[in-house]
Amino acid sequence: MDNKKMELHRLQSKIKGRLIFPEDGDYGSAKATWDTVTDHSPSVIVEAVNAKDVIETIKFAGEESQKVTVISTGHGPTRAADGEIMLKLSRMDAVRIDEDAGTAYVEAGAKWAKVLEEAAKFGLAPLMGSSSDVGAVGYTLGGGLGWLARKYGMSLDMVNYFDIVTSDAELRRAARDTCDDLFWALSGAGGAFGVVTSMEIRLVPEIAVYAGNLVYGHEDAAMLLEKYAEWTESLPDEMTSALVLANFPDLPIVPEPLRGKSAAMVRGCFAGNAEDGERIVNDLRGWKSPVIDMWSKIPFSAADTISNDPKEPIPLTITNVTVDELSDKTKAALLKMTFKDTGNSPILFTEVYHMGGKISSSDRSESVFAVRDAKYVIKVMGLVPAEESRHSFTAAVIGLKDELKDELNNEAYPNFLEGLEKFNHPGRLYPAEILDKLGRLKVKLDPDNMFENGLDIVPVP
Ligand SMILES: Cc1cc2nc3c(=O)[nH]c(=O)nc-3n(C[C@H](O)[C@H](O)[C@H](O)COP(=O)(O)OP(=O)(O)OC[C@H]3O[C@@H](n4cnc5c(N)ncnc54)[C@H](O)[C@@H]3O)c2cc1C
């Protein structure tokens with residue numbers, strides 16, 4: 001047995017979880033993530049079951065000068081692990097609700113579905129996003145833009161503390177109420193400073209919401225975009241919504257009426273009285289009856305039905321830009337990019353999220369998250385099963401960014417950037433002075449950049 005293997009066996013003897021090696025039969029399934037485009041090849045996979053396992057793994061990585069790729073539930077954008085240690089946290093999925101405090105303690109591997117289920121027992125709900133299948137901690141470290149965002153803010157605005165193991169193998173608590181620099185950094189640049197083992201979040205009352213989709217044919221897309229820009233000028237904060245330009249693939253996971261078709265939709269969630277919500281959506285219906293109208297009163301626990309994201313892994317890629325207004329030039333460019341090659345487009349969805357409300361009014365000194373002022377986040381997703389489709393997606397997005405270079409804000413939204421783009425361009429996420437402050441914190445907490453695979457913040461001496 002070579003030295004490295006002996007050292008790894010020493011690590012195995014110290015942890016409760018399991019080490020998985022390339023020669024093990026389940027190595028392939030253990031390293032697979034939801035995003036099937038990123039092909040990881042770690043030297044070893046550590047499946048941690050508790051914080052002590054994480055501490056021992058990080059101690060080992062430090063002693064062996066190894067980089068660590070952290071995977072909570074594998075739904076996120078990550079640069080491919082190549083010879084590093086992959087630290088998987090999906091077995092650390094405890095969730096505990098404190099009814100009196102209205103909070104949830106959530107371990108790193110827990111999905112929103114579990115938080116939702118536990119919180120609902122007490123009439124409470126978390127600020128989850130479009131899919132309860134996504135990991136709560138990974139989602140929150142990148143911001144967390146969900147269907148209650150304009151009413152309550154981003155998911156990171158609800159965090160009381162993060163527990164984190166830093167590169168010196170110390171378990172620390174970074175708390176909001178101590179105005180901690182580490183708390184500030186994790187709230188939007190999580191992934192660069194250590195392994196978050198758990199967090200405590202505040203919950204909100206679980207109410208019935210008025211939510212759904214209005215679906216129009218793609219021939220109505222230009223006018224719907226026009227109406228959406230007007231509609232979002234005067235919406236109350238209870239309404240969080242998005243306009244979607246879609247090229248639905250011809251696949252069985254897509255419902256029959258939409259399969260293989262292009263469409264334009266307005267989807268969202270009104271977290272208030274259903275009659276008020278209906279009245280507000282009627283402003284759009286009044287322009288033209290949709291082909292399909294799915295808005296109705298639903299419990300917030302059924303919010304997955306708004307986006308109907310697939311649960312099965314798919315070859316997806318994702319990017320985004322942010323803008324302060326939907327100018328004529330922006331609208332025209334989005335329509336052109338999405339529908340240029342209808343029937344054979346590299347673009348799956350172009351989704352225009354309406355920001356503002358509590359997202360922009362939350363205290364910005366508490367978090368590094370930099371997309372507070374943008375009025376819209378424009379997410380672009382592509383299905384890229386082959387190299388060719390990946391190239392055409394990239395070309396379409398580069399074309400869009402070129403065309404709109406005078407209209408776009410500097411910062412992009414971290415959770416909607418695929419791994420390599422996030423890795424190569426941290427300057428797209430934070431302004432220069434913030435990057436500099438993050439770099440100085442990095443020197444203190446991760447001087448050798450053990451966690452570079454999450455987000456490459458260069459240490460600034
Ligand atoms: C179907 C789907 C729907 C989504 N909907 C939304 C949405 O509505 N709103 C939104 O904001 N985002 C959304 N996202 C994006 C999602 O929030 C991010 O991709 C998030 O990173 C996923 O968390 P995860 O635990 O699966 O991350 P993972 O894939 O496990 O990790 C991704 C990276 O995040 C970092 N990371 C994750 N966990 C930790 C940890 N515990 N400690 C340190 N670093 C960590 C690491 O750098 C890691 O490499 C969606 C994603 C999918 C696939």
# chains A, B, ... in the order shown; residues from 1 in each chain; ligands from 1
call {"tool": "residues_near_ligand", "arguments": {"ligand": "ligand 1", "cutoff": "6 Å", "atoms": "only C-alpha atoms and all ligand atoms", "output": "count of residues only"}}
result
32
call {"tool": "residues_around", "arguments": {"residues": "Thr319 (chain A)", "least_positions_apart": "6", "cutoff": "7 Å", "atoms": "only C-alpha atoms", "output": "ChimeraX atom specification"}}
result
/A:379-381,416-418
call {"tool": "select_by_dssp", "arguments": {"residues": "region 9-253 of chain A", "states": "alpha helix (DSSP H)", "output": "MDAnalysis selection string"}}
result
chainID A and resid 9:14 27:31 51:63 112:120 136:141 149:152 181:189 221:231
call {"tool": "residues_around", "arguments": {"residues": "region 2-16 of chain A", "least_positions_apart": "2", "cutoff": "12 Å", "atoms": "only C-alpha atoms", "output": "JSON, numbers by chain"}}
result
{"A": [18, 19, 20, 21, 43, 44, 45, 46, 47, 48, 49, 50, 51, 52, 53, 54, 55, 56, 57, 58, 59, 60, 61, 63, 64, 65, 66, 85, 91, 92]}
call {"tool": "select_by_dssp", "arguments": {"residues": "region 31-133 of chain A", "states": "strand (DSSP E or B)", "output": "PyMOL selection string"}}
result
chain A and resi 35+41+44-47+68-71+82+85-88+95-98+103-107+111+124-125
call {"tool": "write_last_selection", "arguments": {"atoms": "C-alpha atoms", "output": "mmCIF file, in the first residue's frame"}}
result
data_model
loop_
_atom_site.group_PDB
_atom_site.id
_atom_site.type_symbol
_atom_site.label_atom_id
_atom_site.label_comp_id
_atom_site.auth_asym_id
_atom_site.auth_seq_id
_atom_site.Cartn_x
_atom_site.Cartn_y
_atom_site.Cartn_z
ATOM 1 C CA ASP A 35 -25.688 18.854 -13.183
ATOM 2 C CA SER A 41 -12.816 13.004 -10.968
ATOM 3 C CA VAL A 44 -11.253 10.255 -3.069
ATOM 4 C CA ILE A 45 -14.805 10.986 -1.939
ATOM 5 C CA VAL A 46 -15.491 11.518 1.758
ATOM 6 C CA GLU A 47 -19.124 11.035 2.758
ATOM 7 C CA VAL A 68 -11.288 20.225 -1.256
ATOM 8 C CA THR A 69 -14.446 20.361 -3.376
ATOM 9 C CA VAL A 70 -17.525 20.649 -1.154
ATOM 10 C CA ILE A 71 -20.798 19.141 -2.341
ATOM 11 C CA ASP A 82 -9.860 16.939 -10.664
ATOM 12 C CA ILE A 85 -10.877 15.460 -2.215
ATOM 13 C CA MET A 86 -14.631 15.613 -2.773
ATOM 14 C CA LEU A 87 -16.325 16.217 0.574
ATOM 15 C CA LYS A 88 -19.983 15.211 0.370
ATOM 16 C CA VAL A 95 -33.515 19.682 10.498
ATOM 17 C CA ARG A 96 -34.841 20.906 13.858
ATOM 18 C CA ILE A 97 -37.550 23.512 14.310
ATOM 19 C CA ASP A 98 -37.709 25.824 17.323
ATOM 20 C CA THR A 103 -36.331 29.219 13.526
ATOM 21 C CA ALA A 104 -34.925 26.113 11.849
ATOM 22 C CA TYR A 105 -31.539 24.510 12.468
ATOM 23 C CA VAL A 106 -30.545 23.023 9.113
ATOM 24 C CA GLU A 107 -27.576 20.782 8.373
ATOM 25 C CA LYS A 111 -32.943 19.728 1.079
ATOM 26 C CA LEU A 124 -44.125 27.917 9.422
ATOM 27 C CA ALA A 125 -42.231 27.974 6.113
#
call {"tool": "closest_residue", "arguments": {"among": "A:Glu99, A:Glu275, A:Glu325, A:Asp26", "to": "Tyr376 (chain A)", "atoms": "only C-alpha atoms"}}
result
A:Glu325
call {"tool": "decode", "arguments": {"residues": "region 255-271 of chain A", "atoms": "all heavy atoms", "output": "PDB file, in the first residue's frame"}}
result
ATOM      1  N   PRO A 255     -45.069  18.511 -20.070  1.00  0.00           N
ATOM      2  CA  PRO A 255     -46.489  18.189 -20.284  1.00  0.00           C
ATOM      3  C   PRO A 255     -46.884  18.356 -21.754  1.00  0.00           C
ATOM      4  O   PRO A 255     -46.404  19.272 -22.432  1.00  0.00           O
ATOM      5  CB  PRO A 255     -47.230  19.198 -19.398  1.00  0.00           C
ATOM      6  CG  PRO A 255     -46.200  19.810 -18.511  1.00  0.00           C
ATOM      7  CD  PRO A 255     -44.856  19.575 -19.106  1.00  0.00           C
ATOM      8  N   GLU A 256     -47.769  17.489 -22.199  1.00  0.00           N
ATOM      9  CA  GLU A 256     -48.132  17.373 -23.621  1.00  0.00           C
ATOM     10  C   GLU A 256     -48.413  18.707 -24.339  1.00  0.00           C
ATOM     11  O   GLU A 256     -47.828  18.960 -25.404  1.00  0.00           O
ATOM     12  CB  GLU A 256     -49.337  16.423 -23.736  1.00  0.00           C
ATOM     13  CG  GLU A 256     -49.788  16.121 -25.151  1.00  0.00           C
ATOM     14  CD  GLU A 256     -48.667  15.576 -26.024  1.00  0.00           C
ATOM     15  OE1 GLU A 256     -48.225  14.444 -25.803  1.00  0.00           O
ATOM     16  OE2 GLU A 256     -48.239  16.314 -26.927  1.00  0.00           O
ATOM     17  N   PRO A 257     -49.252  19.603 -23.782  1.00  0.00           N
ATOM     18  CA  PRO A 257     -49.566  20.789 -24.598  1.00  0.00           C
ATOM     19  C   PRO A 257     -48.351  21.674 -24.884  1.00  0.00           C
ATOM     20  O   PRO A 257     -48.383  22.472 -25.812  1.00  0.00           O
ATOM     21  CB  PRO A 257     -50.595  21.553 -23.754  1.00  0.00           C
ATOM     22  CG  PRO A 257     -50.606  20.940 -22.417  1.00  0.00           C
ATOM     23  CD  PRO A 257     -49.927  19.622 -22.487  1.00  0.00           C
ATOM     24  N   LEU A 258     -47.287  21.534 -24.081  1.00  0.00           N
ATOM     25  CA  LEU A 258     -46.134  22.417 -24.261  1.00  0.00           C
ATOM     26  C   LEU A 258     -44.943  21.703 -24.897  1.00  0.00           C
ATOM     27  O   LEU A 258     -43.986  22.345 -25.324  1.00  0.00           O
ATOM     28  CB  LEU A 258     -45.706  22.991 -22.897  1.00  0.00           C
ATOM     29  CG  LEU A 258     -46.757  23.850 -22.190  1.00  0.00           C
ATOM     30  CD1 LEU A 258     -46.310  24.214 -20.784  1.00  0.00           C
ATOM     31  CD2 LEU A 258     -47.021  25.126 -22.992  1.00  0.00           C
ATOM     32  N   ARG A 259     -45.011  20.387 -24.963  1.00  0.00           N
ATOM     33  CA  ARG A 259     -43.858  19.597 -25.427  1.00  0.00           C
ATOM     34  C   ARG A 259     -43.424  20.014 -26.841  1.00  0.00           C
ATOM     35  O   ARG A 259     -44.244  20.059 -27.758  1.00  0.00           O
ATOM     36  CB  ARG A 259     -44.240  18.113 -25.414  1.00  0.00           C
ATOM     37  CG  ARG A 259     -43.065  17.180 -25.487  1.00  0.00           C
ATOM     38  CD  ARG A 259     -43.509  15.740 -25.358  1.00  0.00           C
ATOM     39  NE  ARG A 259     -44.146  15.467 -24.069  1.00  0.00           N
ATOM     40  CZ  ARG A 259     -44.864  14.377 -23.818  1.00  0.00           C
ATOM     41  NH1 ARG A 259     -45.050  13.478 -24.752  1.00  0.00           N
ATOM     42  NH2 ARG A 259     -45.398  14.195 -22.628  1.00  0.00           N
ATOM     43  N   GLY A 260     -42.135  20.367 -26.967  1.00  0.00           N
ATOM     44  CA  GLY A 260     -41.592  20.718 -28.281  1.00  0.00           C
ATOM     45  C   GLY A 260     -42.037  22.087 -28.787  1.00  0.00           C
ATOM     46  O   GLY A 260     -41.776  22.447 -29.929  1.00  0.00           O
ATOM     47  N   LYS A 261     -42.718  22.874 -27.930  1.00  0.00           N
ATOM     48  CA  LYS A 261     -43.243  24.178 -28.391  1.00  0.00           C
ATOM     49  C   LYS A 261     -42.470  25.329 -27.751  1.00  0.00           C
ATOM     50  O   LYS A 261     -41.861  25.179 -26.697  1.00  0.00           O
ATOM     51  CB  LYS A 261     -44.710  24.320 -27.971  1.00  0.00           C
ATOM     52  CG  LYS A 261     -45.613  23.201 -28.446  1.00  0.00           C
ATOM     53  CD  LYS A 261     -46.704  23.764 -29.346  1.00  0.00           C
ATOM     54  CE  LYS A 261     -47.524  22.673 -29.999  1.00  0.00           C
ATOM     55  NZ  LYS A 261     -48.308  21.895 -29.053  1.00  0.00           N
ATOM     56  N   SER A 262     -42.556  26.486 -28.377  1.00  0.00           N
ATOM     57  CA  SER A 262     -42.031  27.704 -27.765  1.00  0.00           C
ATOM     58  C   SER A 262     -43.197  28.468 -27.161  1.00  0.00           C
ATOM     59  O   SER A 262     -44.317  28.412 -27.681  1.00  0.00           O
ATOM     60  CB  SER A 262     -41.329  28.563 -28.807  1.00  0.00           C
ATOM     61  OG  SER A 262     -40.172  27.886 -29.254  1.00  0.00           O
ATOM     62  N   ALA A 263     -42.929  29.168 -26.061  1.00  0.00           N
ATOM     63  CA  ALA A 263     -44.022  29.860 -25.363  1.00  0.00           C
ATOM     64  C   ALA A 263     -43.474  31.031 -24.572  1.00  0.00           C
ATOM     65  O   ALA A 263     -42.258  31.170 -24.395  1.00  0.00           O
ATOM     66  CB  ALA A 263     -44.719  28.882 -24.413  1.00  0.00           C
ATOM     67  N   ALA A 264     -44.387  31.878 -24.109  1.00  0.00           N
ATOM     68  CA  ALA A 264     -44.023  32.967 -23.194  1.00  0.00           C
ATOM     69  C   ALA A 264     -44.956  32.860 -21.994  1.00  0.00           C
ATOM     70  O   ALA A 264     -46.152  32.591 -22.162  1.00  0.00           O
ATOM     71  CB  ALA A 264     -44.193  34.309 -23.886  1.00  0.00           C
ATOM     72  N   MET A 265     -44.404  33.033 -20.790  1.00  0.00           N
ATOM     73  CA  MET A 265     -45.223  32.819 -19.589  1.00  0.00           C
ATOM     74  C   MET A 265     -44.934  33.904 -18.564  1.00  0.00           C
ATOM     75  O   MET A 265     -43.820  34.410 -18.492  1.00  0.00           O
ATOM     76  CB  MET A 265     -44.865  31.473 -18.945  1.00  0.00           C
ATOM     77  CG  MET A 265     -44.973  30.309 -19.892  1.00  0.00           C
ATOM     78  SD  MET A 265     -44.612  28.739 -19.093  1.00  0.00           S
ATOM     79  CE  MET A 265     -42.865  28.768 -18.999  1.00  0.00           C
ATOM     80  N   VAL A 266     -45.931  34.188 -17.740  1.00  0.00           N
ATOM     81  CA  VAL A 266     -45.676  34.975 -16.535  1.00  0.00           C
ATOM     82  C   VAL A 266     -46.020  34.077 -15.360  1.00  0.00           C
ATOM     83  O   VAL A 266     -47.135  33.569 -15.256  1.00  0.00           O
ATOM     84  CB  VAL A 266     -46.517  36.267 -16.483  1.00  0.00           C
ATOM     85  CG1 VAL A 266     -46.329  36.952 -15.129  1.00  0.00           C
ATOM     86  CG2 VAL A 266     -46.100  37.213 -17.599  1.00  0.00           C
ATOM     87  N   ARG A 267     -45.020  33.845 -14.512  1.00  0.00           N
ATOM     88  CA  ARG A 267     -45.231  32.989 -13.348  1.00  0.00           C
ATOM     89  C   ARG A 267     -44.901  33.766 -12.086  1.00  0.00           C
ATOM     90  O   ARG A 267     -44.155  34.744 -12.124  1.00  0.00           O
ATOM     91  CB  ARG A 267     -44.378  31.728 -13.445  1.00  0.00           C
ATOM     92  CG  ARG A 267     -42.893  31.966 -13.511  1.00  0.00           C
ATOM     93  CD  ARG A 267     -42.077  30.692 -13.398  1.00  0.00           C
ATOM     94  NE  ARG A 267     -42.487  29.644 -14.306  1.00  0.00           N
ATOM     95  CZ  ARG A 267     -41.659  28.736 -14.838  1.00  0.00           C
ATOM     96  NH1 ARG A 267     -40.367  28.782 -14.550  1.00  0.00           N
ATOM     97  NH2 ARG A 267     -42.093  27.794 -15.628  1.00  0.00           N
ATOM     98  N   GLY A 268     -45.473  33.323 -10.988  1.00  0.00           N
ATOM     99  CA  GLY A 268     -45.153  34.036  -9.762  1.00  0.00           C
ATOM    100  C   GLY A 268     -45.987  33.578  -8.597  1.00  0.00           C
ATOM    101  O   GLY A 268     -46.697  32.560  -8.656  1.00  0.00           O
ATOM    102  N   CYS A 269     -45.904  34.368  -7.531  1.00  0.00           N
ATOM    103  CA  CYS A 269     -46.513  33.994  -6.265  1.00  0.00           C
ATOM    104  C   CYS A 269     -46.904  35.272  -5.530  1.00  0.00           C
ATOM    105  O   CYS A 269     -46.053  36.139  -5.307  1.00  0.00           O
ATOM    106  CB  CYS A 269     -45.462  33.206  -5.474  1.00  0.00           C
ATOM    107  SG  CYS A 269     -45.942  32.775  -3.807  1.00  0.00           S
ATOM    108  N   PHE A 270     -48.186  35.386  -5.197  1.00  0.00           N
ATOM    109  CA  PHE A 270     -48.656  36.538  -4.428  1.00  0.00           C
ATOM    110  C   PHE A 270     -48.861  36.080  -2.996  1.00  0.00           C
ATOM    111  O   PHE A 270     -49.738  35.255  -2.718  1.00  0.00           O
ATOM    112  CB  PHE A 270     -49.956  37.086  -5.031  1.00  0.00           C
ATOM    113  CG  PHE A 270     -50.460  38.304  -4.319  1.00  0.00           C
ATOM    114  CD1 PHE A 270     -49.859  39.540  -4.527  1.00  0.00           C
ATOM    115  CD2 PHE A 270     -51.521  38.220  -3.419  1.00  0.00           C
ATOM    116  CE1 PHE A 270     -50.305  40.678  -3.855  1.00  0.00           C
ATOM    117  CE2 PHE A 270     -51.977  39.349  -2.744  1.00  0.00           C
ATOM    118  CZ  PHE A 270     -51.362  40.576  -2.965  1.00  0.00           C
ATOM    119  N   ALA A 271     -48.048  36.593  -2.080  1.00  0.00           N
ATOM    120  CA  ALA A 271     -48.106  36.155  -0.678  1.00  0.00           C
ATOM    121  C   ALA A 271     -49.020  37.092   0.102  1.00  0.00           C
ATOM    122  O   ALA A 271     -48.581  37.862   0.961  1.00  0.00           O
ATOM    123  CB  ALA A 271     -46.704  36.145  -0.085  1.00  0.00           C
TER     124      ALA A 271
END
